[in-house]
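Just work-v2.csv here, CSV, C-alpha atoms:
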```
chain,number,residue,atom,x,y,z
A,1312,MET,CA,-8.5,14.9,15.9
A,1313,LYS,CA,-7.1,16.8,12.9
A,1314,VAL,CA,-7.4,14.5,9.8
A,1315,LEU,CA,-6.2,15.3,6.4
A,1316,ILE,CA,-7.6,13.3,3.4
A,1317,THR,CA,-6.1,13.3,-0.1
A,1318,GLY,CA,-8.2,12.3,-3.1
A,1319,GLY,CA,-11.1,14.0,-1.4
A,1320,ARG,CA,-13.4,13.8,-4.4
A,1321,GLY,CA,-13.1,10.1,-4.9
A,1322,PHE,CA,-15.7,7.5,-4.0
A,1323,LEU,CA,-14.0,6.2,-0.9
A,1324,ALA,CA,-12.8,9.6,0.4
A,1325,SER,CA,-16.2,11.2,0.1
A,1326,HIS,CA,-17.8,8.4,2.1
A,1327,LEU,CA,-14.9,8.6,4.6
A,1328,LEU,CA,-15.6,12.3,5.2
A,1329,LYS,CA,-19.1,11.6,6.2
A,1330,HIS,CA,-18.0,8.6,8.4
A,1331,LEU,CA,-15.3,10.7,10.2
A,1332,GLY,CA,-17.7,13.6,10.6
A,1333,GLU,CA,-16.9,14.3,14.3
A,1334,HIS,CA,-13.2,15.1,13.6
A,1335,ASP,CA,-11.6,18.3,12.3
A,1336,LEU,CA,-11.4,17.3,8.6
A,1337,ALA,CA,-9.5,18.8,5.7
A,1338,VAL,CA,-8.9,17.6,2.2
A,1339,ILE,CA,-6.5,18.4,-0.6
A,1340,SER,CA,-8.3,18.9,-3.8
A,1341,ARG,CA,-7.0,20.6,-7.0
A,1342,SER,CA,-10.3,22.3,-7.6
A,1343,GLY,CA,-10.5,23.9,-4.2
A,1344,LYS,CA,-14.3,23.6,-4.2
A,1345,SER,CA,-16.0,23.1,-0.9
A,1346,LEU,CA,-17.0,19.6,0.2
A,1347,LYS,CA,-19.8,18.4,2.4
A,1348,HIS,CA,-18.6,17.3,5.9
A,1349,CYS,CA,-15.3,19.0,5.4
A,1350,GLN,CA,-14.1,22.1,7.2
A,1351,GLN,CA,-11.2,23.0,5.0
A,1352,VAL,CA,-10.2,22.4,1.4
A,1353,PHE,CA,-6.5,22.9,0.4
A,1354,THR,CA,-5.3,23.2,-3.1
A,1355,ASN,CA,-1.6,22.5,-2.4
A,1356,PHE,CA,0.7,20.6,0.0
A,1357,GLU,CA,2.1,23.7,1.6
A,1358,GLN,CA,-1.4,24.8,2.7
A,1359,ALA,CA,-2.1,21.3,4.0
A,1360,ALA,CA,1.2,21.4,6.0
A,1361,SER,CA,-0.1,24.5,7.9
A,1362,PHE,CA,-3.1,22.5,9.0
A,1363,LYS,CA,-0.6,20.3,11.1
A,1364,PRO,CA,-2.6,17.1,10.7
A,1365,GLU,CA,-2.4,14.4,13.3
A,1366,VAL,CA,-3.7,11.8,10.8
A,1367,VAL,CA,-3.2,11.7,7.1
A,1368,ILE,CA,-5.3,9.4,5.0
A,1369,ASN,CA,-3.7,9.3,1.5
A,1370,LEU,CA,-6.2,8.0,-1.1
A,1371,ALA,CA,-5.2,10.2,-4.1
A,1372,GLY,CA,-4.8,8.4,-7.4
A,1373,ALA,CA,-6.3,8.5,-10.9
A,1374,SER,CA,-9.0,5.8,-11.4
A,1375,LEU,CA,-7.8,2.5,-12.8
A,1376,PHE,CA,-11.2,1.8,-14.3
A,1377,ASP,CA,-12.1,5.1,-16.1
A,1378,GLN,CA,-10.0,4.7,-19.2
A,1379,ARG,CA,-8.0,2.2,-21.2
A,1380,TRP,CA,-4.4,1.9,-20.0
A,1381,SER,CA,-2.5,3.8,-22.7
A,1382,ASP,CA,1.1,4.8,-21.9
A,1383,LYS,CA,-0.1,8.3,-21.1
A,1384,ARG,CA,-2.8,6.9,-18.8
A,1385,ARG,CA,-0.2,4.6,-17.0
A,1386,LEU,CA,2.0,7.6,-16.4
A,1387,GLU,CA,-1.0,9.5,-14.9
A,1388,MET,CA,-1.8,6.5,-12.7
A,1389,TYR,CA,1.8,6.3,-11.5
A,1390,GLN,CA,2.3,10.0,-10.9
A,1391,SER,CA,-1.0,10.5,-9.2
A,1392,ARG,CA,0.0,7.8,-6.6
A,1393,VAL,CA,3.7,7.4,-6.4
A,1394,ASP,CA,5.0,10.9,-7.2
A,1395,TYR,CA,2.0,12.5,-5.4
A,1396,THR,CA,2.7,10.5,-2.1
A,1397,GLN,CA,6.4,11.3,-2.3
A,1398,LYS,CA,5.8,15.1,-2.7
A,1399,LEU,CA,3.1,15.2,-0.1
A,1400,LEU,CA,5.2,13.6,2.6
A,1401,ALA,CA,8.4,15.5,1.6
A,1402,THR,CA,6.5,18.7,2.0
A,1403,LEU,CA,4.9,17.8,5.3
A,1404,ALA,CA,8.4,16.6,6.6
A,1405,SER,CA,10.2,19.7,5.5
A,1406,ARG,CA,7.7,21.9,7.3
A,1407,GLY,CA,7.7,19.8,10.5
A,1408,ALA,CA,4.1,18.7,9.8
A,1409,LEU,CA,4.4,15.0,9.6
A,1410,PRO,CA,1.4,13.3,11.2
A,1411,SER,CA,1.7,10.7,13.9
A,1412,THR,CA,-0.4,8.3,11.8
A,1413,LEU,CA,-0.4,7.8,8.1
A,1414,ILE,CA,-3.0,5.5,6.4
A,1415,SER,CA,-1.8,5.2,2.9
A,1416,GLY,CA,-3.5,3.7,-0.1
A,1417,SER,CA,-2.5,0.5,-1.9
A,1418,ALA,CA,-4.5,-2.3,-3.5
A,1419,VAL,CA,-4.7,-6.1,-3.6
A,1420,GLY,CA,-3.2,-5.6,-7.0
A,1421,PHE,CA,0.0,-5.7,-5.1
A,1422,TYR,CA,-0.1,-9.5,-5.1
A,1423,GLY,CA,-0.9,-10.1,-8.8
A,1424,ASP,CA,-2.9,-13.1,-9.9
A,1425,GLN,CA,-2.3,-15.9,-7.4
A,1426,GLY,CA,-4.9,-18.4,-8.6
A,1427,ASN,CA,-6.6,-20.4,-5.8
A,1428,GLN,CA,-3.8,-19.8,-3.2
A,1429,THR,CA,-4.9,-18.0,-0.1
A,1430,ILE,CA,-3.1,-14.6,0.1
A,1431,THR,CA,-2.1,-13.0,3.4
A,1432,GLU,CA,-0.1,-9.8,4.0
A,1433,ALA,CA,3.1,-12.0,4.2
A,1434,ASN,CA,2.7,-13.0,0.5
A,1435,ALA,CA,5.3,-11.6,-2.0
A,1436,SER,CA,4.3,-9.0,-4.5
A,1437,GLY,CA,3.4,-9.9,-8.0
A,1438,ASN,CA,5.4,-9.0,-11.1
A,1439,ASP,CA,2.8,-7.3,-13.3
A,1440,TRP,CA,2.5,-3.6,-13.8
A,1441,SER,CA,-0.2,-3.1,-11.3
A,1442,ALA,CA,1.8,-5.0,-8.6
A,1443,LYS,CA,4.8,-2.9,-9.3
A,1444,LEU,CA,2.7,0.3,-9.1
A,1445,CYS,CA,1.3,-0.8,-5.7
A,1446,ALA,CA,4.8,-1.7,-4.4
A,1447,ASN,CA,6.3,1.6,-5.4
A,1448,TRP,CA,3.3,3.5,-4.0
A,1449,GLU,CA,3.7,1.7,-0.6
A,1450,SER,CA,7.5,2.4,-0.6
A,1451,GLN,CA,6.8,6.1,-0.6
A,1452,ALA,CA,4.8,5.8,2.6
A,1453,LEU,CA,7.0,3.2,4.2
A,1454,ALA,CA,10.0,5.5,3.8
A,1455,TYR,CA,8.6,7.4,6.8
A,1456,SER,CA,7.9,4.4,8.9
A,1457,ASN,CA,10.8,5.2,11.3
A,1458,ARG,CA,9.1,8.5,12.2
A,1459,VAL,CA,5.4,7.9,11.5
A,1460,ARG,CA,3.0,5.0,12.3
A,1461,VAL,CA,2.3,3.9,8.7
A,1462,CYS,CA,-0.5,1.6,7.8
A,1463,VAL,CA,-0.7,0.7,4.1
A,1464,VAL,CA,-4.2,-0.5,3.2
A,1465,ARG,CA,-4.3,-3.1,0.4
A,1466,THR,CA,-7.9,-2.5,-0.6
A,1467,GLY,CA,-9.9,-5.0,-2.6
A,1468,LEU,CA,-13.1,-4.4,-4.6
A,1469,VAL,CA,-15.1,-2.1,-2.5
A,1470,MET,CA,-18.8,-2.8,-2.9
A,1471,HIS,CA,-21.7,-0.4,-2.5
A,1472,PRO,CA,-24.5,0.2,-5.0
A,1473,SER,CA,-23.6,3.9,-5.3
A,1474,GLY,CA,-20.1,3.5,-6.6
A,1475,GLY,CA,-16.8,1.6,-6.6
A,1476,ALA,CA,-16.7,-1.8,-8.2
A,1477,MET,CA,-20.4,-2.6,-7.8
A,1478,ALA,CA,-22.2,0.4,-9.4
A,1479,PRO,CA,-21.3,-0.6,-13.0
A,1480,LEU,CA,-22.8,-4.1,-12.3
A,1481,MET,CA,-26.1,-2.8,-11.0
A,1482,THR,CA,-27.8,-1.9,-14.3
A,1483,PRO,CA,-27.1,-5.2,-16.2
A,1484,ALA,CA,-28.0,-7.0,-13.0
A,1485,LYS,CA,-31.4,-5.3,-12.7
A,1486,LEU,CA,-32.0,-6.1,-16.4
A,1487,GLY,CA,-31.2,-9.7,-15.8
A,1488,LEU,CA,-28.3,-9.5,-18.2
A,1489,LEU,CA,-25.4,-10.0,-15.7
A,1490,GLY,CA,-23.3,-13.1,-15.8
A,1491,PRO,CA,-19.7,-14.2,-15.3
A,1492,PHE,CA,-16.8,-12.6,-17.2
A,1493,GLY,CA,-15.0,-15.5,-18.8
A,1494,LYS,CA,-15.2,-18.8,-16.8
A,1495,GLY,CA,-15.9,-16.9,-13.6
A,1496,ASP,CA,-13.9,-19.2,-11.4
A,1497,ASN,CA,-11.4,-16.5,-10.3
A,1498,TYR,CA,-11.7,-15.2,-6.7
A,1499,TRP,CA,-12.8,-11.6,-6.1
A,1500,PRO,CA,-11.4,-9.9,-3.0
A,1501,TRP,CA,-14.5,-7.9,-2.3
A,1502,ILE,CA,-15.3,-5.8,0.8
A,1503,ALA,CA,-18.4,-3.9,1.8
A,1504,LEU,CA,-18.0,-0.1,1.9
A,1505,LYS,CA,-19.2,-0.1,5.5
A,1506,ASP,CA,-16.4,-2.5,6.6
A,1507,TRP,CA,-13.8,-0.6,4.6
A,1508,LEU,CA,-14.8,2.6,6.5
A,1509,ASN,CA,-14.8,0.8,9.8
A,1510,ALA,CA,-11.4,-0.8,9.1
A,1511,VAL,CA,-9.8,2.6,8.4
A,1512,THR,CA,-11.3,4.0,11.6
A,1513,PHE,CA,-10.1,1.0,13.5
A,1514,LEU,CA,-6.5,1.4,12.2
A,1515,ILE,CA,-6.5,5.1,13.1
A,1516,ASN,CA,-7.6,4.2,16.7
A,1517,GLN,CA,-5.2,1.2,17.2
A,1518,PRO,CA,-1.8,2.7,18.0
A,1519,THR,CA,-0.1,-0.7,17.8
A,1520,CYS,CA,-1.2,-1.4,14.3
A,1521,GLN,CA,1.3,-0.7,11.5
A,1522,GLY,CA,2.5,-2.2,8.3
A,1523,ALA,CA,0.3,-3.7,5.6
A,1524,PHE,CA,-3.4,-4.6,6.0
A,1525,ASN,CA,-5.6,-6.4,3.5
A,1526,LEU,CA,-8.9,-4.6,3.4
A,1527,THR,CA,-11.0,-7.4,2.1
A,1528,ALA,CA,-13.8,-9.5,3.5
A,1529,PRO,CA,-12.8,-12.7,5.3
A,1530,MET,CA,-14.7,-14.9,2.7
A,1531,PRO,CA,-13.7,-14.0,-0.9
A,1532,GLU,CA,-16.1,-15.4,-3.5
A,1533,THR,CA,-15.5,-16.6,-7.0
A,1534,GLN,CA,-16.6,-14.0,-9.5
A,1535,LYS,CA,-19.3,-16.4,-10.8
A,1536,ASP,CA,-20.8,-17.0,-7.3
A,1537,PHE,CA,-20.6,-13.3,-6.4
A,1538,LEU,CA,-22.5,-12.2,-9.6
A,1539,LYS,CA,-25.0,-15.1,-9.1
A,1540,GLN,CA,-25.7,-13.9,-5.6
A,1541,LEU,CA,-26.0,-10.3,-6.7
A,1542,SER,CA,-28.6,-11.2,-9.4
A,1543,LYS,CA,-30.4,-13.4,-6.9
A,1544,SER,CA,-30.6,-10.6,-4.3
A,1545,LEU,CA,-32.4,-8.6,-7.1
A,1546,SER,CA,-34.6,-11.6,-8.0
A,1547,ARG,CA,-33.0,-11.7,-11.5
A,1548,PRO,CA,-31.4,-14.5,-13.5
A,1549,SER,CA,-27.6,-14.7,-14.0
A,1550,PHE,CA,-26.7,-16.8,-17.1
A,1551,PHE,CA,-25.3,-14.4,-19.7
A,1552,ALA,CA,-21.7,-15.3,-19.5
A,1553,ILE,CA,-19.3,-12.9,-21.4
A,1554,PRO,CA,-16.4,-14.8,-23.0
A,1555,SER,CA,-12.9,-13.7,-22.0
A,1556,PRO,CA,-11.9,-12.4,-25.5
A,1557,ALA,CA,-15.0,-10.2,-25.5
A,1558,VAL,CA,-14.1,-8.7,-22.0
A,1559,ASN,CA,-10.6,-8.1,-23.4
A,1560,ILE,CA,-12.0,-6.2,-26.4
A,1561,LEU,CA,-14.5,-4.2,-24.3
A,1562,LEU,CA,-12.1,-3.1,-21.6
A,1563,GLY,CA,-8.6,-3.6,-22.9
A,1564,SER,CA,-6.5,-6.4,-21.6
A,1565,ASP,CA,-5.2,-4.5,-18.5
A,1566,ARG,CA,-8.5,-3.5,-17.2
A,1567,ALA,CA,-10.0,-6.9,-18.0
A,1568,GLU,CA,-7.2,-8.3,-15.9
A,1569,LEU,CA,-8.5,-6.5,-12.9
A,1570,LEU,CA,-11.8,-8.4,-13.2
A,1571,MET,CA,-10.3,-11.7,-14.3
A,1572,ALA,CA,-7.4,-12.0,-11.9
A,1573,SER,CA,-7.9,-14.5,-9.1
A,1574,GLN,CA,-7.0,-13.1,-5.7
A,1575,ARG,CA,-8.2,-15.2,-2.7
A,1576,VAL,CA,-7.2,-12.6,-0.2
A,1577,SER,CA,-7.5,-13.0,3.6
A,1578,PRO,CA,-7.5,-10.0,5.9
A,1579,SER,CA,-5.3,-11.9,8.3
A,1580,ARG,CA,-3.7,-9.0,10.1
A,1581,LEU,CA,-7.0,-7.1,10.6
A,1582,LEU,CA,-8.6,-10.2,12.1
A,1583,ASP,CA,-5.5,-10.8,14.3
A,1584,ALA,CA,-5.8,-7.2,15.6
A,1585,GLY,CA,-9.4,-7.9,16.7
A,1586,PHE,CA,-11.3,-6.1,13.9
A,1587,GLU,CA,-14.9,-7.4,13.5
A,1588,PHE,CA,-16.5,-7.3,10.1
A,1589,VAL,CA,-20.2,-6.5,9.6
A,1590,TYR,CA,-20.4,-8.5,6.4
A,1591,THR,CA,-18.3,-11.6,6.3
A,1592,ASN,CA,-20.0,-13.2,3.3
A,1593,ALA,CA,-21.2,-11.6,0.1
A,1594,ASN,CA,-24.8,-12.9,0.5
A,1595,SER,CA,-25.4,-11.0,3.8
A,1596,MET,CA,-24.1,-7.8,2.2
A,1597,LEU,CA,-26.1,-8.1,-1.0
A,1598,GLU,CA,-29.3,-9.0,0.8
A,1599,ALA,CA,-28.8,-5.8,3.0
A,1600,TYR,CA,-28.2,-3.7,-0.1
A,1601,ALA,CA,-31.2,-5.1,-1.9
A,1602,LYS,CA,-33.5,-3.9,1.0
B,708,MET,CA,38.2,5.0,4.7
B,709,LYS,CA,40.4,2.8,6.9
B,710,TYR,CA,37.7,0.3,7.9
B,711,THR,CA,36.6,-2.5,5.6
B,712,LEU,CA,33.1,-2.5,4.3
B,713,ALA,CA,32.5,-5.8,6.1
B,714,ALA,CA,33.5,-4.3,9.4
B,715,GLU,CA,31.0,-1.4,8.9
B,716,ILE,CA,28.1,-3.5,7.6
B,717,ASN,CA,28.3,-6.7,9.6
B,718,PRO,CA,26.9,-5.0,12.8
B,719,LEU,CA,24.0,-3.6,10.8
B,720,ILE,CA,23.3,-7.0,9.3
B,721,ASN,CA,23.4,-8.6,12.7
B,722,SER,CA,21.0,-6.0,14.0
B,723,LEU,CA,18.5,-6.7,11.2
B,724,ASP,CA,19.0,-10.4,11.7
B,725,LYS,CA,17.9,-10.0,15.4
B,726,VAL,CA,14.8,-8.1,14.3
B,727,LEU,CA,13.9,-10.9,12.0
B,728,ALA,CA,14.6,-13.5,14.6
B,729,ASP,CA,12.3,-11.6,17.1
B,730,GLU,CA,9.7,-11.8,14.3
B,731,GLY,CA,9.9,-15.6,14.6
B,732,LEU,CA,11.8,-16.4,11.4
B,733,SER,CA,14.2,-19.3,11.7
B,734,ASP,CA,17.8,-18.7,10.8
B,735,ASP,CA,17.6,-20.4,7.4
B,736,GLU,CA,14.2,-19.1,6.5
B,737,GLY,CA,13.4,-16.4,3.8
B,738,SER,CA,14.9,-13.1,4.6
B,739,ARG,CA,17.2,-14.4,7.3
B,740,GLY,CA,18.6,-17.1,5.0
B,741,SER,CA,19.3,-14.4,2.4
B,742,LEU,CA,20.9,-12.2,4.9
B,743,SER,CA,23.2,-14.9,6.0
B,744,SER,CA,24.3,-15.4,2.4
B,745,VAL,CA,24.9,-11.6,2.0
B,746,LYS,CA,27.1,-11.7,5.1
B,747,GLN,CA,29.1,-14.6,3.8
B,748,ALA,CA,29.6,-12.9,0.4
B,749,LEU,CA,30.6,-9.6,2.1
B,750,ASN,CA,33.2,-11.4,4.2
B,751,ASP,CA,34.5,-13.3,1.2
B,752,GLY,CA,34.9,-10.2,-0.8
B,753,LYS,CA,32.2,-11.3,-3.3
B,754,GLU,CA,29.4,-9.3,-4.8
B,755,TRP,CA,26.8,-8.7,-2.1
B,756,ARG,CA,25.1,-5.4,-2.8
B,757,ASN,CA,22.4,-6.6,-5.1
B,758,ASP,CA,21.4,-9.5,-2.8
B,759,LEU,CA,21.3,-7.1,0.1
B,760,ALA,CA,19.0,-4.8,-1.8
B,761,ASP,CA,16.7,-7.7,-2.8
B,762,THR,CA,16.6,-8.9,0.8
B,763,LEU,CA,15.7,-5.5,2.2
B,764,GLN,CA,13.0,-5.0,-0.4
B,765,GLN,CA,11.6,-8.4,0.5
B,766,VAL,CA,11.5,-7.3,4.2
B,767,PHE,CA,9.7,-4.1,3.4
B,768,ARG,CA,7.2,-5.7,1.0
B,769,ASN,CA,6.4,-8.9,2.9
B,770,LEU,CA,6.9,-7.6,6.5
B,771,PRO,CA,6.2,-3.9,6.3
B,772,HIS,CA,5.1,-3.8,9.9
B,773,ILE,CA,8.8,-4.1,10.9
B,774,GLY,CA,10.1,-1.7,8.2
B,775,HIS,CA,10.7,1.0,10.9
B,776,LYS,CA,13.2,-1.4,12.6
B,777,VAL,CA,15.4,-1.9,9.5
B,778,PRO,CA,18.7,0.0,10.1
B,779,ARG,CA,18.5,3.1,7.9
B,780,ASP,CA,22.2,2.9,7.2
B,781,LEU,CA,21.8,-0.5,5.7
B,782,LEU,CA,19.3,0.9,3.2
B,783,TRP,CA,21.9,3.5,2.1
B,784,PHE,CA,24.7,0.8,1.8
B,785,ALA,CA,22.3,-1.4,-0.3
B,786,GLY,CA,21.5,1.6,-2.6
B,787,SER,CA,19.5,1.1,-5.8
B,788,GLU,CA,15.7,0.4,-5.2
B,789,CYS,CA,16.3,0.6,-1.4
B,790,LEU,CA,16.7,4.3,-1.7
B,791,HIS,CA,12.9,4.5,-2.2
B,792,PHE,CA,12.6,3.6,1.5
B,793,LEU,CA,14.6,6.7,2.5
B,794,ASP,CA,13.0,10.1,2.4
B,795,ASP,CA,14.6,13.0,0.6
B,796,ALA,CA,16.2,14.6,3.6
B,797,GLU,CA,17.8,11.3,4.7
B,798,ILE,CA,19.2,10.7,1.2
B,799,GLU,CA,20.8,14.2,1.3
B,800,ARG,CA,22.2,13.5,4.8
B,801,TYR,CA,23.6,10.1,3.8
B,802,ALA,CA,25.2,11.6,0.7
B,803,SER,CA,27.1,14.1,3.0
B,804,ILE,CA,28.1,11.3,5.5
B,805,ASP,CA,29.3,9.1,2.6
B,806,GLU,CA,31.5,11.9,1.2
B,807,VAL,CA,33.1,12.4,4.6
B,808,TRP,CA,33.5,8.6,5.1
B,809,GLN,CA,35.1,8.1,1.6
B,810,THR,CA,37.5,11.0,1.9
B,811,THR,CA,38.8,10.6,5.5
B,812,GLN,CA,40.2,7.9,7.8
B,813,LEU,CA,37.0,7.9,9.9
B,814,SER,CA,34.8,4.9,10.5
B,815,TRP,CA,31.2,5.1,9.3
B,816,GLN,CA,29.9,5.9,12.8
B,817,GLU,CA,32.6,8.6,13.2
B,818,ALA,CA,31.6,10.1,9.8
B,819,VAL,CA,28.0,10.1,10.9
B,820,ALA,CA,28.9,11.9,14.1
B,821,LYS,CA,31.1,14.4,12.3
B,822,THR,CA,28.5,15.2,9.7
B,823,LEU,CA,25.7,15.6,12.2
B,824,SER,CA,27.9,17.9,14.3
B,825,ASN,CA,28.5,20.3,11.4
```
Show me the file's structure as structure tokens.
Amino acid sequence: MKVLITGGRGFLASHLLKHLGEHDLAVISRSGKSLKHCQQVFTNFEQAASFKPEVVINLAGASLFDQRWSDKRRLEMYQSRVDYTQKLLATLASRGALPSTLISGSAVGFYGDQGNQTITEANASGNDWSAKLCANWESQALAYSNRVRVCVVRTGLVMHPSGGAMAPLMTPAKLGLLGPFGKGDNYWPWIALKDWLNAVTFLINQPTCQGAFNLTAPMPETQKDFLKQLSKSLSRPSFFAIPSPAVNILLGSDRAELLMASQRVSPSRLLDAGFEFVYTNANSMLEAYAK
Amino acid sequence: MKYTLAAEINPLINSLDKVLADEGLSDDEGSRGSLSSVKQALNDGKEWRNDLADTLQQVFRNLPHIGHKVPRDLLWFAGSECLHFLDDAEIERYASIDEVWQTTQLSWQEAVAKTLSN
């Protein structure tokens, strides 16, 4: 199968390339440098259209964690997702190269902070900036839903020691200096990298699946419990709580909000479709990573 | 434009209402309830476009798996944020249809047919 991946140099896409190794893979990357597990690297949408992909996995987007959210950075985050998706699909459509399946990125930030309420795909979107960004990002993909099978993947905090949300936690955890941010009673919608990769593959292979899918583990943990289990899996203590104001100062209020928001997300539609998770609870995943 | 807006849009609203009913929504629930209010406002000659746009956005955001069943014409009539759910080529095509519809005595469907045949 011919699969085109955007955002090919990112953490998720680079793992996805390895995971989908048996397919005919191509990526769009501004640098044009070759990538492991990938046959072709395109530097623009026109080249990518000539590849005539059967599946497009659209993961491009400037990182939300790398920098503080200045107005300039917000514009970059918006353009690299919303405008990028719009231009990509318009180019593929104008050249008769729309895929039969589009897996397009989104995030659980779509829902905003919902406290302890369980969130399924049927929940309304939030009103904060991140929620609006996700909703607009999804709109660009869903505009083609009458011609393409579109799955928007509302991804949670992807956990793997090598990157994503977990890597920055590893050093303080190994030093025994990791503790909850603020009170720590907010829910973290985590998912193991292996399950995220399996879920994307599952959606590619299930022709009846379309619409929004929460890519999060079935048992979200409170931030405090997750960090406690992470420290325990490394045989380290976990009691250095960082007060909320300090987190705000260190990260800026917007990025701090990503860690402090409570999102008790359920992957209802994935489970209904018959997807089976390898790691349903954080403890089993963290024990496996610690080995 | 000899047909009233209500005559053009009511069948589209009915079509979407059936999609939502097939999805298991009761007639006074969520998007179906809102759609019923839009229809009433449209038939009474009151403001309806903003509420239709809100309802359609609600459908796409809460029930995106049925987004492909939303009548595309309805997205055009709602306008504003709903245009995000149409691709560039569709917006261009609808702009041409709308011009024919506004400047002739054709119904919307006749304007669609005329534009597509050109």
Which residue out of B:Leu727, B:Leu813, B:Ile720, B:Ile798 has the minimum interatomic distance to Ser744 in chain B when only C-alpha atoms are used?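 The shortest atom-to-atom distance to Ser744 in chain B comes from B:Ile720.
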Atomic separation - CA of Ala1528 in chain A relative to CA of His1330 in chain A, Å: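 Going from CA of His1330 in chain A over to CA of Ala1528 in chain A, I get 19.2 Å.
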Taking only C-alpha atoms into account, report as a ChimeraX atom specification which residues of chain B lie within 12 Å of chain A. /B:737-738,762-779,782,788-798
Quick one: residues within 8 Å of Ser1342 in chain A, only C-alpha atoms counted, chain neighbours fewer than 2 positions away excluded, as a short mmCIF file (atom, residue, chain, number, x, y, z; two decimals) with C-alpha atoms, in the coordinates of the input?
```cif
data_model
loop_
_atom_site.label_atom_id
_atom_site.label_comp_id
_atom_site.auth_asym_id
_atom_site.auth_seq_id
_atom_site.Cartn_x
_atom_site.Cartn_y
_atom_site.Cartn_z
CA SER A 1340 -8.30 18.90 -3.80
CA LYS A 1344 -14.30 23.60 -4.20
CA THR A 1354 -5.30 23.20 -3.10
#
```
Surrounding residues of Ala1373 in chain A excluding itself and chain neighbours under 5 positions, 8 Å, all atoms listed in the file, as a PDB file with C-alpha atoms, keeping the file's coordinate frame:
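Once everything was written out, this is out-v9.pdb:
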```
ATOM      1  CA  GLU A1387      -1.000   9.500 -14.900  1.00  0.00           C
ATOM      2  CA  MET A1388      -1.800   6.500 -12.700  1.00  0.00           C
ATOM      3  CA  SER A1391      -1.000  10.500  -9.200  1.00  0.00           C
ATOM      4  CA  ARG A1392       0.000   7.800  -6.600  1.00  0.00           C
TER       5      ARG A1392
END
```
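Picture a line from CA of Asp758 in chain B to CA of Lys1443 in chain A; it runs 19.0 Å.
Nearest to Thr1591 in chain A of all the residues A:Ile1502, A:Val1338, A:Leu1526, A:Ala1557 is A:Ile1502, counting all atoms listed in the file.
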Determine, counting all atoms listed in the file, which protein, DNA and RNA residues have an atom within 10 Å of an atom of Ser814 in chain B; residues of the same chain fewer than 4 positions away are not included. Present the result as a ChimeraX atom specification. /B:708-712,714-715,807-809,818-820
Looking at B:Asn721, B:Ser743, B:Ser733, B:Thr822, which one is nearest to Ala802 in chain B, with distances taken over all atoms listed in the file? B:Thr822
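Take CA of Cys1445 in chain A and CA of Gly1420 in chain A: the distance between them is 6.7 Å.
Take the candidates A:Ala1324, A:Leu1409, A:Val1352, A:Leu1597 and check each one against Lys1543 in chain A using only C-alpha atoms; the shortest distance goes to A:Leu1597.
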Taking only C-alpha atoms into account, name the residue in B:Ser803, B:Ser741, B:Asn750, B:Asn757 that is nearest to Ser787 in chain B.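 Closest to Ser787 in chain B, using only C-alpha atoms: B:Asn757.
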